Each structure stands twice: as structure tokens, then as C-alpha cells.
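As provided, coords01.pdb (PDB, C-alpha atoms) reads as follows.
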```pdb
ATOM      1  CA  ILE A  27      11.768   1.921  14.381
ATOM      2  CA  HIS A  28       9.013   2.012  17.027
ATOM      3  CA  VAL A  29       6.001   4.141  16.084
ATOM      4  CA  ALA A  30       3.523   5.399  18.679
ATOM      5  CA  ASN A  31      -0.224   5.308  18.287
ATOM      6  CA  GLY A  32      -1.786   8.184  16.406
ATOM      7  CA  THR A  33      -2.695   9.237  12.881
ATOM      8  CA  TYR A  34       0.078  10.127  10.460
ATOM      9  CA  PHE A  35      -0.227  11.690   7.000
ATOM     10  CA  PRO A  36       2.182  11.298   4.046
ATOM     11  CA  THR A  37       2.266  15.081   3.745
ATOM     12  CA  GLY A  38       3.263  15.537   7.381
ATOM     13  CA  PHE A  39       0.248  17.754   7.995
ATOM     14  CA  LYS A  40      -3.382  16.965   7.259
ATOM     15  CA  THR A  41      -3.923  20.404   5.747
ATOM     16  CA  ASP A  42      -1.275  19.868   3.059
ATOM     17  CA  THR A  43      -2.720  19.266  -0.421
ATOM     18  CA  SER A  44       0.127  17.358  -2.137
ATOM     19  CA  ARG A  45      -1.566  14.204  -3.417
ATOM     20  CA  LEU A  46       1.716  12.782  -4.703
ATOM     21  CA  ALA A  47       3.099  12.531  -1.185
ATOM     22  CA  THR A  48       3.453   8.953   0.073
ATOM     23  CA  PHE A  49       5.215   7.169   2.928
ATOM     24  CA  THR A  50       8.195   5.918   0.919
ATOM     25  CA  ILE A  51      10.324   3.026   2.136
ATOM     26  CA  ASP A  52      13.223   2.921  -0.285
ATOM     27  CA  ARG A  53      15.948   1.307   1.777
ATOM     28  CA  ASP A  54      16.551  -2.226   3.033
ATOM     29  CA  GLY A  55      17.120  -3.271   6.604
ATOM     30  CA  LEU A  56      14.170  -1.326   8.004
ATOM     31  CA  LYS A  57      11.734  -2.765  10.514
ATOM     32  CA  LEU A  58       8.812  -0.437  11.224
ATOM     33  CA  LEU A  59       6.699  -1.472  14.192
ATOM     34  CA  GLY A  60       3.450   0.312  15.030
ATOM     35  CA  GLY A  61       1.324  -0.090  18.120
ATOM     36  CA  TYR A  62       3.376   1.522  20.861
ATOM     37  CA  PRO A  63       1.798   3.855  23.430
ATOM     38  CA  ASN A  64       2.915   7.481  23.467
ATOM     39  CA  GLY A  65       5.929   7.866  25.701
ATOM     40  CA  GLY A  66       6.973   4.230  25.321
ATOM     41  CA  GLY A  67       5.778   1.043  26.927
ATOM     42  CA  THR A  68       4.430  -2.337  25.911
ATOM     43  CA  ARG A  69       3.488  -2.766  22.295
ATOM     44  CA  ASP A  70      -0.159  -3.571  21.559
ATOM     45  CA  PHE A  71      -1.261  -2.691  18.023
ATOM     46  CA  ASP A  72      -4.932  -3.271  18.828
ATOM     47  CA  ALA A  73      -4.972  -1.026  21.884
ATOM     48  CA  ASN A  74      -2.644   1.562  20.323
ATOM     49  CA  PRO A  75      -3.725   1.973  16.696
ATOM     50  CA  THR A  76      -1.056   3.492  14.483
ATOM     51  CA  ILE A  77      -2.806   4.882  11.420
ATOM     52  CA  LEU A  78      -1.206   5.886   8.137
ATOM     53  CA  SER A  79      -3.895   7.960   6.475
ATOM     54  CA  GLY A  80      -4.187   9.419   3.006
ATOM     55  CA  ASN A  81      -7.166  11.527   4.046
ATOM     56  CA  ILE A  82      -5.416  14.851   3.631
ATOM     57  CA  ASN A  83      -6.967  18.266   3.149
ATOM     58  CA  LEU A  84     -10.780  18.054   3.429
ATOM     59  CA  ALA A  85     -11.848  15.179   5.676
ATOM     60  CA  SER A  86     -15.226  14.894   3.948
ATOM     61  CA  ASP A  87     -13.803  14.719   0.396
ATOM     62  CA  SER A  88     -12.001  11.523  -0.579
ATOM     63  CA  THR A  89     -11.197  12.795  -4.084
ATOM     64  CA  ASP A  90      -8.464  15.054  -2.697
ATOM     65  CA  ASN A  91      -6.772  12.249  -0.763
ATOM     66  CA  SER A  92      -3.253  10.967  -1.379
ATOM     67  CA  PHE A  93      -2.970   8.864  -4.522
ATOM     68  CA  ARG A  94      -1.039   6.251  -2.543
ATOM     69  CA  VAL A  95      -0.461   5.951   1.196
ATOM     70  CA  VAL A  96       2.590   3.649   1.419
ATOM     71  CA  SER A  97       5.217   2.854  -1.228
ATOM     72  CA  ILE A  98       7.724   0.075  -0.572
ATOM     73  CA  LYS A  99      10.651  -0.454  -2.905
ATOM     74  CA  SER A 100      12.851  -3.272  -1.746
ATOM     75  CA  HIS A 101      16.304  -3.987  -3.140
ATOM     76  CA  ALA A 102      18.014  -6.926  -1.452
ATOM     77  CA  ALA A 103      17.035 -10.462  -2.395
ATOM     78  CA  VAL A 104      16.840 -11.335   1.294
ATOM     79  CA  ALA A 105      13.739 -12.356   3.243
ATOM     80  CA  ASP A 106      12.596  -9.807   5.824
ATOM     81  CA  SER A 107      14.714  -7.072   4.222
ATOM     82  CA  ILE A 108      11.831  -4.697   4.980
ATOM     83  CA  ILE A 109       9.140  -5.259   7.626
ATOM     84  CA  VAL A 110       6.031  -3.130   8.086
ATOM     85  CA  ASP A 111       4.176  -4.465  11.127
ATOM     86  CA  GLY A 112       1.193  -3.229  13.132
ATOM     87  CA  PHE A 113      -0.198  -0.332  11.083
ATOM     88  CA  SER A 114      -3.587   0.649   9.698
ATOM     89  CA  VAL A 115      -3.414   1.963   6.132
ATOM     90  CA  THR A 116      -6.433   3.901   4.930
ATOM     91  CA  GLY A 117      -7.648   6.748   2.779
ATOM     92  CA  GLY A 118      -5.678   6.243  -0.436
ATOM     93  CA  TYR A 119      -7.516   7.391  -3.570
ATOM     94  CA  ALA A 120      -5.647   6.465  -6.762
ATOM     95  CA  ASN A 121      -7.506   8.352  -9.458
ATOM     96  CA  GLY A 122      -4.463  10.050 -10.940
ATOM     97  CA  MET A 123      -2.559   9.427 -14.160
ATOM     98  CA  ALA A 124      -0.256   6.635 -15.256
ATOM     99  CA  ILE A 125       2.702   8.881 -16.065
ATOM    100  CA  ASP A 126       4.718   5.727 -16.629
ATOM    101  CA  TYR A 127       3.377   2.222 -16.162
ATOM    102  CA  GLU A 128       6.315   1.477 -13.929
ATOM    103  CA  ALA A 129       4.436   1.313 -10.660
ATOM    104  CA  TYR A 130       6.089   4.240  -8.896
ATOM    105  CA  THR A 131       4.527   6.731 -11.289
ATOM    106  CA  ASN A 132       1.297   4.922 -12.020
ATOM    107  CA  TYR A 133      -1.139   6.769  -9.786
ATOM    108  CA  THR A 134      -4.144   4.645 -10.763
ATOM    109  CA  THR A 135      -3.162   1.534  -8.760
ATOM    110  CA  GLY A 136      -2.092   0.550  -5.263
ATOM    111  CA  ALA A 137      -4.030   3.151  -3.313
ATOM    112  CA  GLY A 138      -3.200   1.634   0.075
ATOM    113  CA  ILE A 139       0.190  -0.052  -0.297
ATOM    114  CA  LEU A 140       2.457  -0.476  -3.308
ATOM    115  CA  ILE A 141       5.253  -3.053  -3.166
ATOM    116  CA  PHE A 142       7.598  -2.569  -6.097
ATOM    117  CA  GLY A 143      10.181  -5.319  -5.930
ATOM    118  CA  ASP A 144      13.751  -5.186  -7.077
ATOM    119  CA  LEU A 145      16.071  -8.197  -7.264
ATOM    120  CA  ASN A 146      13.233 -10.551  -6.268
ATOM    121  CA  ALA A 147      13.102  -8.932  -2.845
ATOM    122  CA  ALA A 148      10.904 -10.219  -0.048
ATOM    123  CA  ALA A 149       9.388  -7.470   2.060
ATOM    124  CA  ILE A 150       6.964  -8.385   4.843
ATOM    125  CA  VAL A 151       3.662  -6.652   5.612
ATOM    126  CA  ARG A 152       2.415  -8.129   8.870
ATOM    127  CA  ASN A 153      -0.388  -7.449  11.371
ATOM    128  CA  CYS A 154      -1.693  -4.575   9.272
ATOM    129  CA  LYS A 155      -5.190  -3.353   8.471
ATOM    130  CA  VAL A 156      -5.685  -2.116   4.922
ATOM    131  CA  ILE A 157      -9.118  -0.542   4.888
ATOM    132  CA  GLY A 158     -11.002   1.973   2.782
ATOM    133  CA  ASN A 159      -8.655   2.587  -0.140
ATOM    134  CA  PHE A 160      -9.852   3.152  -3.713
ATOM    135  CA  ALA A 161      -8.157   2.825  -7.108
ATOM    136  CA  LEU A 162      -9.046   3.380 -10.728
ATOM    137  CA  THR A 163      -7.362   0.406 -12.402
ATOM    138  CA  GLY A 164      -6.554  -2.123  -9.683
ATOM    139  CA  GLY A 165      -4.840  -3.241  -6.521
ATOM    140  CA  ASN A 166      -7.180  -1.042  -4.568
ATOM    141  CA  GLY A 167      -5.856  -2.151  -1.200
ATOM    142  CA  MET A 168      -2.420  -3.441  -2.196
ATOM    143  CA  TYR A 169      -0.522  -3.696  -5.466
ATOM    144  CA  VAL A 170       2.587  -5.843  -5.923
ATOM    145  CA  MET A 171       4.581  -5.262  -9.090
ATOM    146  CA  GLY A 172       7.673  -6.789 -10.605
ATOM    147  CA  LYS A 173       9.662  -5.689 -13.609
ATOM    148  CA  ASN A 174      10.684  -7.210 -16.922
ATOM    149  CA  THR A 175      13.991  -5.781 -18.119
ATOM    150  CA  PRO A 176      16.188  -6.790 -21.075
ATOM    151  CA  GLU A 177      18.601  -8.294 -18.561
ATOM    152  CA  SER A 178      16.217 -10.229 -16.327
ATOM    153  CA  LEU A 179      12.711 -10.846 -15.107
ATOM    154  CA  ILE A 180      12.303  -9.445 -11.588
ATOM    155  CA  ILE A 181       9.502 -11.060  -9.584
ATOM    156  CA  PRO A 182       8.992  -9.804  -6.015
ATOM    157  CA  ALA A 183       7.714 -12.305  -3.464
ATOM    158  CA  PRO A 184       6.598 -10.284  -0.439
ATOM    159  CA  GLY A 185       4.918 -11.874   2.547
ATOM    160  CA  ILE A 186       1.490 -10.554   3.518
ATOM    161  CA  GLN A 187       0.801 -12.028   6.935
ATOM    162  CA  ASN A 188      -1.956 -11.778   9.539
ATOM    163  CA  CYS A 189      -3.544  -8.785   7.830
ATOM    164  CA  LEU A 190      -7.120  -7.531   7.624
ATOM    165  CA  ILE A 191      -7.914  -6.227   4.141
ATOM    166  CA  LYS A 192     -11.450  -4.948   3.718
ATOM    167  CA  ASN A 193     -13.700  -2.250   2.252
ATOM    168  CA  ASN A 194     -11.315  -1.357  -0.563
ATOM    169  CA  GLY A 195     -13.122  -0.297  -3.710
ATOM    170  CA  ALA A 196     -12.963   0.583  -7.380
ATOM    171  CA  ILE A 197     -13.270   4.109  -8.765
ATOM    172  CA  ALA A 198     -15.404   4.645 -11.856
ATOM    173  CA  ASP A 199     -13.887   6.465 -14.825
ATOM    174  CA  PRO A 200     -15.519   9.647 -16.193
ATOM    175  CA  SER A 201     -17.886   7.486 -18.272
ATOM    176  CA  GLY A 202     -19.067   5.626 -15.195
ATOM    177  CA  ASN A 203     -17.227   2.380 -16.040
ATOM    178  CA  THR A 204     -15.064   0.452 -13.591
ATOM    179  CA  PHE A 205     -12.018  -1.542 -14.648
ATOM    180  CA  ALA A 206     -10.190  -2.130 -11.360
ATOM    181  CA  PHE A 207      -8.782  -5.639 -10.900
ATOM    182  CA  GLY A 208      -7.925  -7.089  -7.528
ATOM    183  CA  GLY A 209     -10.156  -5.264  -5.086
ATOM    184  CA  ALA A 210      -8.012  -6.247  -2.113
ATOM    185  CA  ILE A 211      -4.690  -7.308  -3.668
ATOM    186  CA  ALA A 212      -3.414  -7.276  -7.245
ATOM    187  CA  GLY A 213      -0.131  -8.572  -8.568
ATOM    188  CA  SER A 214       1.704  -8.034 -11.838
ATOM    189  CA  LEU A 215       4.870 -10.048 -12.482
ATOM    190  CA  ALA A 216       4.738 -10.864  -8.796
ATOM    191  CA  SER A 217       4.382 -13.815  -6.467
ATOM    192  CA  PRO A 218       3.146 -12.577  -3.077
ATOM    193  CA  VAL A 219       2.774 -15.140  -0.302
ATOM    194  CA  ILE A 220      -0.475 -14.450   1.591
ATOM    195  CA  SER A 221      -1.028 -16.213   4.898
ATOM    196  CA  ASN A 222      -3.509 -15.965   7.795
ATOM    197  CA  CYS A 223      -5.219 -12.911   6.335
ATOM    198  CA  THR A 224      -8.872 -11.912   6.479
ATOM    199  CA  ILE A 225     -10.072 -10.475   3.171
ATOM    200  CA  PHE A 226     -13.663  -9.388   2.674
ATOM    201  CA  ASN A 227     -15.996  -6.781   1.246
ATOM    202  CA  ASN A 228     -13.611  -5.517  -1.414
ATOM    203  CA  ASN A 229     -14.718  -4.501  -4.897
ATOM    204  CA  GLY A 230     -13.096  -5.162  -8.262
ATOM    205  CA  VAL A 231     -14.115  -6.194 -11.770
ATOM    206  CA  LEU A 232     -11.594  -9.011 -12.173
ATOM    207  CA  GLY A 233     -11.114 -10.533  -8.740
ATOM    208  CA  ALA A 234     -12.995  -8.656  -6.082
ATOM    209  CA  ALA A 235     -10.492 -10.080  -3.595
ATOM    210  CA  ILE A 236      -7.293 -11.071  -5.441
ATOM    211  CA  SER A 237      -6.146 -10.804  -9.042
ATOM    212  CA  GLY A 238      -2.804 -11.445 -10.676
ATOM    213  CA  TYR A 239      -1.113 -11.881 -14.030
ATOM    214  CA  GLN A 240       2.383 -12.572 -15.293
TER     215      GLN A 240
END
```

Give the structure from the file, written as C-alpha cells.
Amino acid sequence: IHVANGTYFPTGFKTDTSRLATFTIDRDGLKLLGGYPNGGGTRDFDANPTILSGNINLASDSTDNSFRVVSIKSHAAVADSIIVDGFSVTGGYANGMAIDYEAYTNYTTGAGILIFGDLNAAAIVRNCKVIGNFALTGGNGMYVMGKNTPESLIIPAPGIQNCLIKNNGAIADPSGNTFAFGGAIAGSLASPVISNCTIFNNNGVLGAAISGYQ
């Protein structure tokens, strides 16, 4: 799927107020490529920025932004089963509730991108900019989560390649305390492979850049 430059919102329209809306990728075999000019032509993701923005409703108020901008749930245990390439992801503000600590309904983590792996899947996030996302409990920029079931331990191993991950921060709780781990990237029961990325100026209590636990 070729995506033209421009700014896109999970709600479809900036004026929509549904904070639960997210760009959901819930099927394998998808390759999403940003950076194309309007009307077609040569791809250049620097010259043709393709922005996925959670800054819905009021532009000046981040607290009404989408809880999570992009949600990736991969199924097949095949490398490159899902590719997200050439996008800017910004404006997620995960200060919601953990309805269930399974990542899809935990709206306190993964403000920019959530990768929730199934069957040890290997999605690829490549040539992306993850900037200016904020979370209450961790994985402010990106959160990678596996699953421990009675039948098996599922550990996703996505590739995060050639990405810029910066200016992602922690949200204080009502008492003014911050608990967010992994300012840029956090992993839980996960084994992401990070290569050729630039990670700086992120904020977190345990691992301002990267944090993980099994």
C-alpha cells in the first residue's frame, strides 16, 4: 500500500474526539509504504512526509489526543509479515486506563506504536520517525509486548530499523509522580531487534531510552 504525503488521523478527521481510535494493523502480509507525492511519483519519505498523528480535536491540548497512534498485531511467525516503512508517528498521549493488562486494552503504554506479537511474529518498523508521544506507565514511543499463555510463551521479535525516536516523554500521575519505563522503547516478554536507529532526548524513570523485562 503506497501512502501519499500528508497528515492522517486515527479518527479519520481531526475534529473527531474518539481517543480510543488507533491505526490498527491486524492482518499479515501488509506492506505500508509512506513518502509518496500526491498523485503518484518517486518515493522520498524525507521530501514527502507522511504523518500519522494522534493530535485530534484541539491542536493546543495534548491531553485530548489519541491514547495510541498505531497498533500492530502480527500473527504469522514469518519475518516481514508486516512492514511499516517511511512514516512519522506523533501525538499519542496514553493517559487512559489499563482495562486489561493485555496490551490492546492497556491505554497507559505505547503512545506512539504498539506491537503486540502473536506466534512469535516478526513485524518490521523501518525508516520511521517516532516523535513527541507521551505515556503514563511506559513505552512512550514504542511498546512491544508478548504473551504468556497456559499453552506457550509468545515472544515477538520485531525489527526496528533506521528509525529516529526522540522527544517521547513520561506523563505524571495525579500525585505528580512518574513511573514510565522505556522512554523511547519498552518491551515486555519481547525481543525486538533494533538496528541503525537514532534514539535521543526521551524521558523515562527506568530506562530513558530503552527498558525491557521478561

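Between atom CA of His28 of chain A and atom CA of Tyr133 of chain A the interatomic distance comes to 29.1 Å.
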
Given the file shown, determine the residues that the PyMOL selection byres ((chain A and resi 78) around 12) selects; report them as a VMD selection string.
chain A and resid 29 to 40 48 to 50 60 to 61 75 to 77 79 to 82 92 94 to 97 110 112 to 118 138 to 139 154 to 159

Just checking: using only C-alpha atoms, which residue out of A:Cys223, A:Ala124, A:Ile150, A:Ala137 ends up closest to Ile191 of chain A?
A:Cys223

Can you turn the PyMOL selection byres ((chain A and resi 109) around 7) into a concrete residue list for this file, as number ranges by chain?
A: 56-58, 106-108, 110-111, 149-151

Please provide the set of residues having any atom within 12 Å of Asn203 of chain A, restricted to only C-alpha atoms, with same-chain residues fewer than 4 positions apart removed, written as a count of residues only.
8

Kindly give the distance, in Å, that separates atom CA of Gly136 of chain A and atom CA of Pro200 of chain A, rounded to a single decimal.
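Computed distance, atom CA of Gly136 of chain A to atom CA of Pro200 of chain A, equals 19.6 Å.
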
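Our summary of the geometry notes that atom CA of Ile98 of chain A is positioned 21.0 Å from atom CA of Ile225 of chain A.
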
Centre and edge lengths of an axis-aligned box around all listed atoms of segment 106-122 of chain A, with 3 Å added on each side, are to be given in Å to one decimal, as lines of an AutoDock Vina configuration file.
```
center_x = 3.5
center_y = 0.1
center_z = 1.1
size_x = 28.4
size_y = 25.9
size_z = 30.1
```

Using all atoms listed in the file for the distances, tell me which of A:Asn193, A:Thr41, A:Asn64, A:Asn132 is nearest to Tyr169 of chain A.
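Comparing A:Asn193, A:Thr41, A:Asn64, A:Asn132 against Tyr169 of chain A, the winner is A:Asn132.
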